[in-house]
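K.L.:
The structure's right below; bear with me while I get my questions together.
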Amino acid sequence: MSGRHYLQFKDLAREELDYLFERTRWIKDKFKRYETYHPLHDRTLVMIFEKASTRTRLSFEAGMQQLGGTAIYLNTRDSQLGRGEPVEDAAEVISRMSDVVMIRTFEQEIIERFASHSRVPVINGLTNEYHPCQILADIYTFIEHRGPIQGKTVAWIGDSNNVCNTWLQAAEVLDFNVHVSTPPGYEVEPERAGLYGTEHYEEFKDPMDAARGADLVTTDVWTSMGFEAENEARLRDFHDWQVDADMMKVAAPDAVFMHCLPAHRGEEVSAEVIDGPHSVVWDEAENRLHAQKALLEFLLLGRIKP
């Protein structure tokens, strides 16, 4: 599997994703039973962070240790990457001293350049454009609670950010539908989202129409990292795009609510929803751990026979 990267959701084929979801279930079951599983003994993950993180660092670091390996944390402020070392040079060195690299950074171009010079698999822990590990966990969470996602409808309410872009890619690969509702001026940019078609998503001016009949309603903060200077304007522009109890009432009766966290109660979601019966956000957060363990195992060892 040397050289296989996970930089966008569509880097994996549908059958590979189905395999990962099944491995996630198996790995999570062992975790819940407190059964030791160390397939990555003596393997090293390097985690490079240019953006702040809680869930990404914790899930990758804990996950690698639970698989028997070692995780090393690097922050660009404390390394030569933050002092002007070319990304390509850093990739050549880091990939000779480790077995897999996870990067959480700004532009997608940075991680693409790193991967092109890496001798080992590279994983996108988040960029401005995509957040594939989050959606891998989100879709597994839906499967865990409601079964296959094929043919279902996901309602995305809010900013057409990196998480939204990745949901749109996932819909094309796994054959489900995404209803997107954003304020004017924040619409989906198909080229930026990496889409090759439009048959799996539809845009709605009214967020209530986007949520109507949806099997999954999801959102994110109105101001993503790197856009803090726009915060006041975004608070005004997104005022009517809060996921609240009225919105969940028009979704399917058994609809689930997801949020990648951290959440701002009273802004993009009401406390009544995120803390209510539709919400699966805590399972969603935990499943980052298990889905990424399955991903690490796959990129380093290939398919594991049952």
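A note on labels: chains of the structure tokens are A, B, ... as shown, every chain counts residues from 1, and ligands are counted from 1 in their shown order.
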Using only C-alpha atoms, tabulate the residues of region 124-241 of chain A lying at most 12 Å from any atom of region 27-33 of chain A, each with its closest atom pair and that distance in Å to one decimal, by chain and increasing residue number, as a Markdown table.

P.N.:
| residue | atom | partner | partner_atom | distance |
| --- | --- | --- | --- | --- |
| A:Ala137 | CA | A:Lys28 | CA | 11.9 |
| A:Tyr140 | CA | A:Lys28 | CA | 11.2 |
| A:Thr141 | CA | A:Lys28 | CA | 11.6 |
| A:Glu144 | CA | A:Lys28 | CA | 11.1 |

K.L.:
Name all residues at most 6 Å from Ala245 (chain A) (count only C-alpha atoms; drop same-chain ones fewer than 2 positions away) and give them as a PyMOL selection string.

P.N.:
chain A and resi 247-248+273

K.L.:
Skip region 182-195 of chain A itself and residues of its chain fewer than 6 positions away, then list as a PyMOL selection string all residues within 9 Å of it, counting only C-alpha atoms.

P.N.:
chain A and resi 8+10+129-130+156-162+164-166+168-169+172+203-207+237-238+240-241

K.L.:
List the neighbours of Glu268 (chain A) out to 8 Å using only C-alpha atoms; skip same-chain residues closer than 3 positions along the sequence, and give me the result as a PyMOL selection string.

P.N.:
chain A and resi 158+219-222+238+241-243+263-265

K.L.:
So that each row is one residue of region 133-195 of chain A with an atom at most 10 Å from region 249-255 of chain A, can you give its shortest atom pair and the distance in Å to one decimal, using only C-alpha atoms, rows by chain and rising number, as CSV?

P.N.:
residue,atom,partner,partner_atom,distance
A:Phe142,CA,A:Ala255,CA,9.8
A:Arg146,CA,A:Asp254,CA,8.6
A:Thr153,CA,A:Ala252,CA,9.6
A:Val154,CA,A:Ala255,CA,9.4
A:Ala155,CA,A:Ala251,CA,8.8

K.L.:
Quick one: residues within 8 Å of Ala115 (chain A), only C-alpha atoms, excluding same-chain residues fewer than 5 positions away - as a list of chain:residue names?

P.N.:
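Near neighbours after the sequence-gap exclusion: A:His5, A:Ala91, A:Pro121, A:Val122.
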